[in-house]
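Structure file query_29.txt with compact mmCIF, C-alpha atoms and all ligand atoms:
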```
# COMPACT_ATOMS: atom_id res chain seq x y z
CA MET K 51 0.00 0.00 0.00
CA SER K 52 1.39 3.46 -0.92
CA ASN K 53 2.08 6.00 1.82
CA LEU K 54 -0.51 8.21 0.11
CA ALA K 55 -3.27 5.70 0.81
CA LEU K 56 -5.95 6.88 3.23
CA SER K 57 -6.83 4.95 6.34
CA HIS K 58 -10.43 3.87 7.03
CA GLU K 59 -10.58 6.62 9.68
CA ASP K 60 -9.45 9.27 7.15
CA VAL K 61 -12.09 8.16 4.63
CA ALA K 62 -14.82 8.13 7.29
CA SER K 63 -13.82 11.63 8.39
CA ILE K 64 -13.84 13.02 4.81
CA VAL K 65 -17.23 11.44 4.04
CA SER K 66 -18.84 12.71 7.23
CA GLN K 67 -17.44 16.23 6.70
CA SER K 68 -18.64 16.26 3.10
CA ILE K 69 -22.14 15.12 4.14
CA ARG K 70 -22.30 17.87 6.75
CA LYS K 71 -21.29 20.52 4.20
CA GLN K 72 -23.86 19.54 1.59
CA ASN K 73 -27.29 21.10 1.58
CA VAL K 74 -29.88 18.51 2.50
CA TYR K 75 -32.09 18.01 -0.53
CA LYS K 76 -35.77 18.26 0.47
CA GLY K 77 -34.76 17.43 4.04
CA PHE K 78 -37.17 17.63 6.95
CA THR K 79 -37.48 16.65 10.58
CA PHE K 80 -40.75 15.08 11.71
CA ARG K 81 -41.69 15.20 15.40
CA SER K 82 -44.48 13.33 17.16
CA PRO K 83 -45.31 12.09 20.69
CA ALA K 84 -43.14 9.13 21.72
CA VAL K 85 -46.21 7.18 22.89
CA THR K 86 -49.79 7.39 21.59
CA ILE K 87 -52.61 5.39 23.17
CA LEU K 88 -55.99 5.39 21.45
CA GLY K 89 -59.33 3.67 22.01
CA GLY K 90 -62.56 3.65 23.97
CA ASN K 91 -61.80 3.51 27.73
CA CYS K 92 -58.04 3.66 27.09
CA ILE K 93 -57.86 6.35 29.79
CA ASN K 94 -57.74 3.42 32.24
CA GLN K 95 -54.27 2.54 30.88
CA ILE K 96 -52.75 5.94 31.58
CA GLY K 97 -51.33 5.08 35.02
CA ASP K 98 -49.32 2.12 33.72
CA ALA K 99 -48.18 4.14 30.70
CA LEU K 100 -46.92 6.96 32.93
CA LEU K 101 -45.17 4.43 35.17
CA GLU K 102 -43.42 3.02 32.09
CA LEU K 103 -42.26 6.54 31.20
CA GLY K 104 -40.62 6.81 34.63
CA ALA K 105 -43.09 9.29 36.17
CA ARG K 106 -43.62 9.23 39.94
CA HIS K 107 -45.74 12.27 40.77
CA ILE K 108 -48.17 13.74 38.20
CA LEU K 109 -49.43 17.32 38.13
CA ILE K 110 -52.84 17.00 36.43
CA VAL K 111 -53.78 20.26 34.68
CA ALA K 112 -57.51 20.17 33.92
CA ASP K 113 -60.32 22.34 32.58
CA LYS K 114 -62.60 23.45 35.43
CA THR K 115 -65.68 22.20 33.56
CA VAL K 116 -64.08 18.92 32.54
CA ASN K 117 -63.22 18.30 36.19
CA LYS K 118 -66.76 19.18 37.32
CA LEU K 119 -68.16 16.74 34.76
CA GLY K 120 -66.12 13.96 36.39
CA LEU K 121 -63.97 13.35 33.32
CA VAL K 122 -60.74 13.47 35.35
CA THR K 123 -61.80 10.72 37.78
CA ALA K 124 -60.83 7.70 35.65
CA CYS K 125 -57.45 9.30 35.00
CA GLN K 126 -56.85 9.87 38.73
CA ASP K 127 -57.96 6.31 39.57
CA SER K 128 -55.60 4.81 36.98
CA ILE K 129 -52.68 6.87 38.32
CA VAL K 130 -53.35 5.73 41.90
CA MET K 131 -53.78 2.08 40.77
CA ALA K 132 -50.32 2.26 39.18
CA GLY K 133 -48.87 3.35 42.54
CA LEU K 134 -48.19 6.94 41.44
CA LYS K 135 -49.02 10.20 43.22
CA PHE K 136 -50.90 13.12 41.71
CA THR K 137 -51.69 16.78 42.42
CA LEU K 138 -54.73 18.33 40.72
CA PHE K 139 -54.67 21.86 39.28
CA SER K 140 -58.11 22.45 37.75
CA GLU K 141 -58.20 26.22 37.29
CA VAL K 142 -58.23 26.30 33.46
CA CYS K 143 -61.33 28.10 32.16
CA GLY K 144 -60.09 29.77 28.98
CA GLU K 145 -57.01 30.38 26.88
CA PRO K 146 -53.86 30.28 29.03
CA ASP K 147 -52.44 33.57 30.26
CA SER K 148 -49.24 34.37 32.15
CA ASP K 149 -50.96 34.51 35.58
CA LEU K 150 -52.41 31.02 35.13
CA ILE K 151 -49.09 29.62 33.88
CA TYR K 152 -47.06 31.08 36.78
CA GLN K 153 -49.72 29.84 39.24
CA GLY K 154 -49.32 26.35 37.75
CA VAL K 155 -45.51 26.58 37.81
CA GLU K 156 -45.65 27.43 41.53
CA ILE K 157 -47.84 24.38 42.22
CA LEU K 158 -45.48 22.24 40.13
CA ARG K 159 -42.52 23.38 42.25
CA GLN K 160 -44.34 22.98 45.58
CA SER K 161 -45.66 19.53 44.73
CA GLN K 162 -42.29 18.41 43.31
CA ALA K 163 -44.19 16.60 40.58
CA ASP K 164 -42.02 15.25 37.77
CA PHE K 165 -44.70 15.01 35.08
CA VAL K 166 -47.35 17.48 33.81
CA LEU K 167 -50.49 15.96 32.30
CA GLY K 168 -53.05 18.18 30.56
CA ILE K 169 -56.65 16.94 30.33
CA GLY K 170 -59.41 18.90 28.59
CA GLY K 171 -59.83 20.99 25.45
CA GLY K 172 -57.06 22.85 23.66
CA SER K 173 -56.77 25.45 26.45
CA ALA K 174 -56.02 22.85 29.15
CA LEU K 175 -53.43 21.13 26.97
CA ASP K 176 -51.80 24.44 26.05
CA THR K 177 -51.72 25.40 29.75
CA ALA K 178 -50.05 22.10 30.67
CA LYS K 179 -47.45 22.65 27.93
CA GLY K 180 -46.82 26.20 29.14
CA ILE K 181 -46.33 25.09 32.76
CA ALA K 182 -43.99 22.25 31.75
CA VAL K 183 -41.64 24.45 29.68
CA ILE K 184 -41.84 27.77 31.58
CA GLU K 185 -40.76 25.93 34.75
CA ASP K 186 -37.31 25.66 33.14
CA TYR K 187 -37.24 29.19 31.62
CA LYS K 188 -35.79 32.14 33.49
CA GLY K 189 -36.50 35.18 31.24
CA PRO K 190 -39.66 37.29 30.74
CA LEU K 191 -42.46 35.83 28.61
CA SER K 192 -42.43 38.74 26.16
CA GLU K 193 -38.84 37.97 25.16
CA LEU K 194 -39.62 34.40 24.24
CA LYS K 195 -39.04 33.72 20.59
CA LEU K 196 -40.34 30.86 18.51
CA GLY K 197 -38.05 27.96 19.36
CA GLY K 198 -36.74 29.94 22.34
CA ILE K 199 -37.40 27.11 24.76
CA SER K 200 -35.33 24.08 23.95
CA SER K 201 -35.69 21.95 27.05
CA ARG K 202 -37.93 20.94 29.93
CA LYS K 203 -37.09 19.11 33.13
CA VAL K 204 -40.44 17.38 33.59
CA GLY K 205 -42.41 14.91 31.49
CA LEU K 206 -45.42 16.08 29.48
CA GLY K 207 -48.65 14.32 28.52
CA ALA K 208 -51.94 15.28 26.88
CA VAL K 209 -55.47 13.86 27.11
CA PRO K 210 -57.83 15.75 24.77
CA THR K 211 -61.55 15.85 25.55
CA THR K 212 -62.44 17.57 22.25
CA ALA K 213 -61.37 16.70 18.69
CA GLY K 214 -60.07 19.95 17.24
CA THR K 215 -56.82 21.70 18.06
CA GLY K 216 -54.68 18.56 17.88
CA SER K 217 -52.56 20.10 20.66
CA GLU K 218 -51.86 16.58 21.92
CA ALA K 219 -49.68 16.08 18.82
CA THR K 220 -48.15 19.52 18.25
CA ASP K 221 -45.02 21.44 19.22
CA ILE K 222 -46.92 24.67 19.85
CA THR K 223 -48.61 26.57 22.66
CA VAL K 224 -49.83 30.16 22.87
CA ILE K 225 -49.76 32.10 26.15
CA LYS K 226 -51.28 35.54 26.65
CA ASP K 227 -48.71 37.83 28.30
CA LEU K 228 -50.96 39.96 30.56
CA LYS K 229 -48.17 42.45 31.35
CA ASN K 230 -47.76 43.47 27.70
CA ASN K 231 -51.22 42.36 26.49
CA ILE K 232 -49.82 40.22 23.69
CA LYS K 233 -50.23 36.59 22.75
CA VAL K 234 -46.86 34.82 22.76
CA PRO K 235 -46.65 31.74 20.52
CA ILE K 236 -44.07 29.24 21.75
CA LYS K 237 -42.92 26.52 19.38
CA GLY K 238 -40.24 23.91 19.83
CA ALA K 239 -39.45 20.21 20.21
CA SER K 240 -39.91 20.37 23.99
CA LEU K 241 -43.59 21.27 23.45
CA VAL K 242 -44.35 17.89 21.84
CA PRO K 243 -45.95 15.72 24.55
CA ASP K 244 -44.16 12.52 25.55
CA ILE K 245 -47.53 10.77 25.56
CA ALA K 246 -50.93 11.42 23.99
CA VAL K 247 -53.95 9.48 25.23
CA LEU K 248 -57.01 9.69 22.99
CA ASP K 249 -60.14 8.22 24.53
CA PRO K 250 -63.26 8.98 22.44
CA ASN K 251 -65.47 8.17 25.45
CA LEU K 252 -64.29 11.46 26.99
CA MET K 253 -65.71 13.29 23.93
CA LEU K 254 -69.25 11.83 23.93
CA GLY K 255 -70.77 14.76 25.82
CA VAL K 256 -69.33 17.60 23.71
CA PRO K 257 -72.26 19.77 22.44
CA ALA K 258 -73.09 19.71 18.71
CA HIS K 259 -71.97 23.26 17.91
CA ILE K 260 -68.59 22.81 19.65
CA THR K 261 -68.15 19.45 17.90
CA ALA K 262 -68.83 21.16 14.56
CA ALA K 263 -66.59 24.17 15.18
CA THR K 264 -63.66 22.17 16.58
CA GLY K 265 -64.09 19.66 13.75
CA VAL K 266 -63.79 22.41 11.14
CA ASP K 267 -60.66 23.61 12.97
CA THR K 268 -59.26 20.12 12.34
CA LEU K 269 -60.31 20.30 8.67
CA THR K 270 -58.61 23.70 8.34
CA HIS K 271 -55.39 22.36 9.90
CA ALA K 272 -55.38 19.51 7.41
CA ILE K 273 -56.13 21.65 4.33
CA GLU K 274 -53.64 24.40 5.25
CA SER K 275 -50.99 21.82 6.07
CA TYR K 276 -51.55 19.89 2.81
CA VAL K 277 -50.88 22.98 0.67
CA SER K 278 -48.28 24.61 2.96
CA LEU K 279 -45.01 25.72 1.39
CA HIS K 280 -43.30 23.79 4.20
CA SER K 281 -45.20 20.53 3.81
CA ASN K 282 -43.28 17.26 3.50
CA PRO K 283 -44.27 13.73 2.44
CA LEU K 284 -45.18 12.70 6.00
CA SER K 285 -47.18 15.83 6.87
CA LYS K 286 -49.04 15.54 3.55
CA ALA K 287 -49.93 11.91 4.23
CA TYR K 288 -51.29 12.71 7.69
CA ALA K 289 -53.20 15.75 6.37
CA TYR K 290 -54.76 13.79 3.49
CA HIS K 291 -55.91 10.93 5.70
CA ALA K 292 -57.21 13.32 8.36
CA ILE K 293 -59.55 14.78 5.70
CA GLU K 294 -60.54 11.36 4.39
CA THR K 295 -61.62 10.25 7.88
CA LEU K 296 -63.22 13.55 8.88
CA ILE K 297 -65.53 13.98 5.89
CA THR K 298 -67.60 10.96 6.98
CA ALA K 299 -67.17 11.17 10.76
CA LEU K 300 -67.77 14.87 11.45
CA PRO K 301 -71.43 15.12 10.29
CA ILE K 302 -72.27 11.98 12.30
CA ALA K 303 -70.46 13.24 15.44
CA VAL K 304 -72.40 16.52 15.17
CA GLY K 305 -75.76 14.86 14.42
CA ASN K 306 -75.35 12.03 16.93
CA GLY K 307 -72.82 12.90 19.62
CA ASP K 308 -73.28 9.46 21.23
CA ASN K 309 -71.85 7.66 18.21
CA LEU K 310 -68.58 6.24 19.55
CA ASP K 311 -67.26 5.27 16.10
CA ALA K 312 -67.67 8.85 14.86
CA ARG K 313 -66.00 10.23 18.02
CA TYR K 314 -63.17 7.71 17.59
CA ASP K 315 -62.63 8.75 13.96
CA MET K 316 -62.74 12.45 14.87
CA SER K 317 -60.15 11.97 17.62
CA VAL K 318 -57.90 10.23 15.05
CA SER K 319 -58.51 13.01 12.51
CA ALA K 320 -57.65 15.78 14.98
CA TYR K 321 -54.47 13.93 15.99
CA LYS K 322 -53.38 13.36 12.37
CA ALA K 323 -54.12 16.97 11.40
CA GLY K 324 -52.21 18.13 14.49
CA LEU K 325 -49.18 16.05 13.51
CA ALA K 326 -49.46 17.40 9.96
CA PHE K 327 -49.54 21.11 10.74
CA SER K 328 -47.07 20.87 13.63
CA ASN K 329 -44.55 19.61 11.06
CA SER K 330 -45.51 21.87 8.14
CA GLY K 331 -47.09 25.10 9.40
CA LEU K 332 -50.46 26.61 8.52
CA GLY K 333 -51.48 29.52 6.26
CA LEU K 334 -53.65 32.56 5.52
CA ILE K 335 -56.85 31.18 7.10
CA HIS K 336 -55.25 30.95 10.54
CA ALA K 337 -53.39 34.25 10.01
CA ILE K 338 -56.73 36.09 9.57
CA ALA K 339 -58.73 33.89 11.99
CA HIS K 340 -56.41 34.84 14.86
CA GLN K 341 -57.23 38.52 14.24
CA ILE K 342 -61.00 38.35 13.75
CA GLY K 343 -61.36 35.85 16.60
CA ALA K 344 -59.66 38.17 19.10
CA ARG K 345 -61.28 41.40 17.82
CA TYR K 346 -64.89 40.21 17.52
CA ASP K 347 -64.91 37.38 20.08
CA ILE K 348 -65.58 34.77 17.39
CA SER K 349 -64.60 31.22 18.40
CA HIS K 350 -61.55 29.86 16.59
CA GLY K 351 -63.57 27.14 14.85
CA ASP K 352 -66.26 29.58 13.70
CA ALA K 353 -63.61 32.00 12.38
CA ASN K 354 -61.99 29.20 10.39
CA ALA K 355 -65.37 28.07 9.03
CA ILE K 356 -66.15 31.59 7.82
CA LEU K 357 -62.80 32.07 6.09
CA LEU K 358 -62.02 28.58 4.77
CA PRO K 359 -63.82 28.57 1.34
CA TYR K 360 -62.83 32.19 0.54
CA VAL K 361 -59.14 31.63 1.22
CA MET K 362 -59.25 28.33 -0.70
CA VAL K 363 -60.60 30.19 -3.76
CA PHE K 364 -57.82 32.79 -3.33
CA ASN K 365 -55.09 30.14 -2.93
CA SER K 366 -56.38 27.97 -5.79
CA LEU K 367 -54.32 30.10 -8.21
CA THR K 368 -51.16 28.42 -6.90
CA CYS K 369 -52.37 25.09 -5.53
CA GLU K 370 -55.02 23.87 -7.97
CA LYS K 371 -53.21 20.51 -8.20
CA GLU K 372 -53.22 19.94 -4.42
CA TYR K 373 -56.87 20.94 -3.99
CA ALA K 374 -57.73 18.64 -6.95
CA GLU K 375 -55.99 15.78 -5.10
CA LEU K 376 -58.16 16.44 -2.05
CA ALA K 377 -61.31 15.88 -4.16
CA VAL K 378 -60.50 12.16 -3.92
CA ALA K 379 -60.17 12.31 -0.11
CA LEU K 380 -63.50 14.16 0.06
CA GLY K 381 -65.19 11.62 -2.25
CA VAL K 382 -66.25 14.21 -4.86
CA SER K 383 -63.78 13.37 -7.66
CA ARG K 384 -65.02 11.82 -10.93
CA ASP K 385 -62.82 10.26 -13.63
CA SER K 386 -64.11 12.63 -16.32
CA MET K 387 -63.16 15.77 -14.38
CA THR K 388 -60.25 18.03 -15.29
CA GLN K 389 -57.83 19.16 -12.57
CA ARG K 390 -59.56 22.55 -12.50
CA GLU K 391 -62.98 20.92 -12.01
CA ARG K 392 -61.62 18.72 -9.19
CA CYS K 393 -60.20 21.80 -7.49
CA ARG K 394 -63.57 23.58 -7.78
CA VAL K 395 -65.62 20.65 -6.39
CA THR K 396 -63.20 20.37 -3.44
CA ILE K 397 -63.89 23.98 -2.46
CA MET K 398 -67.63 23.53 -2.99
CA ALA K 399 -67.65 20.34 -0.87
CA VAL K 400 -65.92 22.19 1.96
CA ARG K 401 -68.45 25.03 1.71
CA GLU K 402 -71.38 22.55 1.69
CA LEU K 403 -70.02 20.76 4.76
CA ILE K 404 -69.81 24.06 6.68
CA VAL K 405 -73.41 24.91 5.70
CA ASP K 406 -74.63 21.39 6.62
CA LEU K 407 -72.98 21.67 10.06
CA GLY K 408 -74.83 24.93 10.74
CA LEU K 409 -71.65 26.98 11.10
CA PRO K 410 -71.48 30.66 10.06
CA THR K 411 -70.56 31.41 6.43
CA SER K 412 -70.04 35.17 6.58
CA LEU K 413 -69.10 37.97 9.00
CA ALA K 414 -72.47 39.68 8.48
CA ASN K 415 -74.06 38.36 11.70
CA PHE K 416 -71.17 39.42 13.91
CA ASN K 417 -70.67 42.91 15.28
CA VAL K 418 -68.07 43.70 12.61
CA ASN K 419 -66.93 47.18 11.62
CA LYS K 420 -65.54 47.33 8.08
CA GLN K 421 -63.33 50.23 9.18
CA ASP K 422 -61.30 47.65 11.15
CA PHE K 423 -60.25 45.71 8.04
CA SER K 424 -57.11 47.81 7.57
CA LYS K 425 -55.92 47.07 11.13
CA ILE K 426 -56.82 43.38 10.71
CA SER K 427 -54.82 43.11 7.48
CA LYS K 428 -51.82 44.81 9.15
CA ARG K 429 -51.78 42.22 11.93
CA ALA K 430 -52.59 39.26 9.66
CA ILE K 431 -49.64 40.04 7.38
CA GLN K 432 -47.34 39.77 10.44
CA ASP K 433 -48.91 36.54 11.76
CA ILE K 434 -46.44 33.67 11.96
CA CYS K 435 -48.92 31.34 10.21
CA LEU K 436 -48.67 33.31 6.97
CA MET K 437 -45.18 31.95 6.30
CA GLY K 438 -46.55 28.67 4.98
CA ASN K 439 -49.27 30.08 2.75
CA PRO K 440 -48.87 28.86 -0.86
CA ARG K 441 -49.83 32.20 -2.45
CA LYS K 442 -48.18 35.52 -1.67
CA VAL K 443 -50.72 37.98 -0.30
CA SER K 444 -50.79 41.75 0.19
CA ARG K 445 -52.71 43.80 2.76
CA VAL K 446 -54.99 45.08 -0.04
CA GLN K 447 -55.80 41.50 -1.03
CA ILE K 448 -56.60 40.58 2.59
CA GLU K 449 -58.93 43.59 2.87
CA ASP K 450 -60.58 42.59 -0.43
CA LEU K 451 -61.02 39.05 0.95
CA LEU K 452 -62.59 40.43 4.15
CA ASP K 453 -65.06 42.49 2.07
CA LYS K 454 -66.16 39.30 0.30
CA VAL K 455 -66.35 37.38 3.60
CA PHE K 456 -68.43 40.18 5.13
CA GLU K 457 -70.94 40.01 2.29
CA GLY K 458 -70.87 36.21 2.18
CA THR K 459 -70.45 36.08 -1.57
CA LEU K 460 -68.13 33.54 -3.14
CA PRO K 461 -67.13 34.16 -6.78
CA ALA K 462 -69.37 32.83 -9.56
CA GLY K 463 -68.78 29.11 -10.05
CA TYR K 464 -68.47 28.44 -6.31
CA GLN K 465 -72.07 29.24 -5.28
FE FE G 501 -56.58 26.03 14.50
```

If you took the structure in this file and wrote it as structure tokens, what would it be?
Amino acid sequence: MSNLALSHEDVASIVSQSIRKQNVYKGFTFRSPAVTILGGNCINQIGDALLELGARHILIVADKTVNKLGLVTACQDSIVMAGLKFTLFSEVCGEPDSDLIYQGVEILRQSQADFVLGIGGGSALDTAKGIAVIEDYKGPLSELKLGGISSRKVGLGAVPTTAGTGSEATDITVIKDLKNNIKVPIKGASLVPDIAVLDPNLMLGVPAHITAATGVDTLTHAIESYVSLHSNPLSKAYAYHAIETLITALPIAVGNGDNLDARYDMSVSAYKAGLAFSNSGLGLIHAIAHQIGARYDISHGDANAILLPYVMVFNSLTCEKEYAELAVALGVSRDSMTQRERCRVTIMAVRELIVDLGLPTSLANFNVNKQDFSKISKRAIQDICLMGNPRKVSRVQIEDLLDKVFEGTLPAGYQ
């Protein structure tokens, strides 16, 4: 062998350096909970699952109402049966704010719990996430940046009692900073729960309108994720299948809340759509919905329902192909249709579903002042969700969209 020959170590070093230097072609990282448990009555398994994860003392963070309805009892019983301790913090009654989070952090420290478990709707899960990560963060909330929290000392789990936000699968929480009166979105790997437990039995009592609105939130997550500029093969697969399941299950869950199969399918849909958008981002619908929801006290699901068909028509200029693909998931595609026709029937099917569910289709019945549209567009254009939208949008275009949404008139061909 010549003296110029490279050793195995030299070759390995050159190859690894060269790989590091190259741009990763279409690379992505996909994050999801380490453990997911799903099924009717699976809440009874949570104690053993937490034991397996090494937890000893659980801080249960619950919605006030969910606790009053007795939905936390089975969870507590299972934890005790597994020989674990728990402390209950059931003060959640709305979107999490800094006071609530710091109150929870104090209880976490006093109790010396090593695991935070959220149980309830999106607000309870977001509160649990906030408590778990803020416990390990020293700075002021207002200075938190997206991805600004990279670690947590305690375990984190999520038990949703509605099928909507998908928070049990996502790396996001939003906390209202009361000192500066701003909503602070926090996003990062440490926000992904270690365990998600989806028991459709806990969702049987959700009222029809909330089931409809939270269900359309799920649909919006899936549609925005599917066409997001930052989508990837895995997020697209989850988004597509979330829609395929939801289109059959949601009307049944709204019309017959006792139907366990429909609740099961909706819990799966919300989880899949949560995984999808957590790994791809959202778009213009959420960017505007955040603004009109806060300004006019419109629920998040209702705001999405109002905006969804209008923004789809707007975005169809750049994602006709993707919307056409969704016609198959929605069951409205025919072999004879062109891509353009498939795109159009997808948007019409979404609009029809929203009408069938009894959700609002325009801003006309809300106490909306058209003079606000300029301020709304200014904030929407800065919303973090806009980054993934497939079509570039200006403030003038957002205001034009809001005019159409106010009047409730979709363009000809989409009526
Ligand atoms: Fe949402």

Judged by all atoms listed in the file, the minimum distance to Arg401 in chain K among K:Thr270, K:Thr215, K:Asn365, K:Ser330 is found for K:Thr270

Using all atoms listed in the file, which residues of the polymer chains come no farther than 7 Å from ligand FE 501 (chain G)? I'd like the answer as a ChimeraX atom specification. /K:215,267-268,270-271,336,350

Quick one: everything within 9 Å of Ser281 in chain K, counting only C-alpha atoms, minus sequence neighbours fewer than 3 positions away in the same chain. Send it as a PyMOL selection string. chain K and resi 275-278+284-286+326-327+329-331+438

Rank nothing, just name the residue among K:Leu452, K:Ile273, K:Leu300, K:Ile96 nearest to Ala374 in chain K, using all atoms listed in the file. K:Ile273

What does the distance between CA of Ile225 in chain K and CA of Leu191 in chain K come to in Å, to one decimal place? 8.6 Å

Which residue gives the smallest distance to Leu357 in chain K among K:Asn309, K:Ser444, K:Thr459, K:Gln95, with only C-alpha atoms counted?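 The shortest atom-to-atom distance to Leu357 in chain K comes from K:Thr459.
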
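The smallest atom-to-atom distance between Ser217 in chain K and any of K:Ala287, K:Leu451, K:Ile110, K:Val247, using only C-alpha atoms, is found for K:Val247.
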
Please return, as a VMD selection string, all polymer residues that have at least one atom within 10 Å of the point (-59.6, 15.4, 15.8); use all atoms listed in the file and the file's own coordinate frame. chain K and resid 210 to 218 248 250 261 264 to 269 292 295 to 296 300 313 to 324

Determine the nearest neighbour of Glu375 in chain K from the options K:Lys233, K:His107, K:His291, K:His340, counting all atoms listed in the file.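 Looking at the shortest contact to Glu375 in chain K, the residue is K:His291.
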
Which residues come within 7 Å of Leu241 in chain K, counting all atoms listed in the file, excluding same-chain residues fewer than 4 positions away, as a list in words? Lys179, Asp221, Ile222 and Lys237 of chain K

Restricting the output to C-alpha atoms, write the selected residues as a short mmCIF file (atom, residue, chain, number, x, y, z; two decimals), in the frame of the given file.
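File again-v7.cif, as written:
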```
data_model
loop_
_atom_site.label_atom_id
_atom_site.label_comp_id
_atom_site.auth_asym_id
_atom_site.auth_seq_id
_atom_site.Cartn_x
_atom_site.Cartn_y
_atom_site.Cartn_z
CA LYS K 179 -47.45 22.65 27.93
CA ASP K 221 -45.02 21.44 19.22
CA ILE K 222 -46.92 24.67 19.85
CA LYS K 237 -42.92 26.52 19.38
#
```

Identify, on the basis of all atoms listed in the file, every residue whose closest approach to Thr368 in chain K does not exceed 12 Å; exclude the query and any residue fewer than 3 positions from it along the same chain; express the result as a short mmCIF file (atom, residue, chain, number, x, y, z; two decimals) with C-alpha atoms, keeping the file's coordinate frame.
```cif
data_model
loop_
_atom_site.label_atom_id
_atom_site.label_comp_id
_atom_site.auth_asym_id
_atom_site.auth_seq_id
_atom_site.Cartn_x
_atom_site.Cartn_y
_atom_site.Cartn_z
CA VAL K 277 -50.88 22.98 0.67
CA SER K 278 -48.28 24.61 2.96
CA LEU K 279 -45.01 25.72 1.39
CA VAL K 361 -59.14 31.63 1.22
CA MET K 362 -59.25 28.33 -0.70
CA VAL K 363 -60.60 30.19 -3.76
CA PHE K 364 -57.82 32.79 -3.33
CA ASN K 365 -55.09 30.14 -2.93
CA LYS K 371 -53.21 20.51 -8.20
CA GLU K 372 -53.22 19.94 -4.42
CA TYR K 373 -56.87 20.94 -3.99
CA ALA K 374 -57.73 18.64 -6.95
CA ARG K 390 -59.56 22.55 -12.50
CA CYS K 393 -60.20 21.80 -7.49
CA ASN K 439 -49.27 30.08 2.75
CA PRO K 440 -48.87 28.86 -0.86
CA ARG K 441 -49.83 32.20 -2.45
CA LYS K 442 -48.18 35.52 -1.67
CA VAL K 443 -50.72 37.98 -0.30
#
```

Counting all atoms listed in the file, the residue of K:Cys369, K:Ala337, K:Val111, K:Leu376 that sits nearest Ala289 in chain K: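 For Ala289 in chain K, the nearest of the given residues is K:Leu376.
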
Two-atom distance - CA of Gly255 in chain K, CA of Gly307 in chain K (Å):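 So the two atoms, CA of Gly255 in chain K and CA of Gly307 in chain K, lie 6.8 Å apart.
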
Output requested as a CSV table (one decimal), in the coordinates of the input - range 349-359 of chain K, filled out with N, CA, C and O atoms.
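Dumped everything to out_21.csv:
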```
chain,number,residue,atom,x,y,z
K,349,SER,N,-65.4,32.4,18.0
K,349,SER,CA,-64.6,31.2,18.4
K,349,SER,C,-63.7,30.9,17.2
K,349,SER,O,-63.9,31.1,16.1
K,350,HIS,N,-62.6,30.2,17.6
K,350,HIS,CA,-61.6,29.9,16.6
K,350,HIS,C,-62.1,29.0,15.5
K,350,HIS,O,-61.9,29.2,14.3
K,351,GLY,N,-63.0,28.0,15.9
K,351,GLY,CA,-63.6,27.1,14.8
K,351,GLY,C,-64.5,27.9,13.9
K,351,GLY,O,-64.5,27.7,12.7
K,352,ASP,N,-65.3,28.8,14.5
K,352,ASP,CA,-66.3,29.6,13.7
K,352,ASP,C,-65.5,30.5,12.7
K,352,ASP,O,-65.9,30.6,11.6
K,353,ALA,N,-64.4,31.1,13.2
K,353,ALA,CA,-63.6,32.0,12.4
K,353,ALA,C,-63.0,31.2,11.2
K,353,ALA,O,-63.0,31.7,10.0
K,354,ASN,N,-62.5,30.0,11.5
K,354,ASN,CA,-62.0,29.2,10.4
K,354,ASN,C,-63.1,28.8,9.4
K,354,ASN,O,-62.9,28.8,8.2
K,355,ALA,N,-64.3,28.5,9.9
K,355,ALA,CA,-65.4,28.1,9.0
K,355,ALA,C,-65.8,29.2,8.1
K,355,ALA,O,-66.0,29.0,6.9
K,356,ILE,N,-65.8,30.4,8.6
K,356,ILE,CA,-66.2,31.6,7.8
K,356,ILE,C,-65.1,31.8,6.7
K,356,ILE,O,-65.5,32.1,5.6
K,357,LEU,N,-63.9,31.7,7.0
K,357,LEU,CA,-62.8,32.1,6.1
K,357,LEU,C,-62.4,31.0,5.1
K,357,LEU,O,-62.0,31.2,4.0
K,358,LEU,N,-62.6,29.7,5.5
K,358,LEU,CA,-62.0,28.6,4.8
K,358,LEU,C,-62.3,28.6,3.3
K,358,LEU,O,-61.4,28.6,2.5
K,359,PRO,N,-63.6,28.6,2.8
K,359,PRO,CA,-63.8,28.6,1.3
K,359,PRO,C,-63.3,29.8,0.6
K,359,PRO,O,-62.8,29.6,-0.5
```
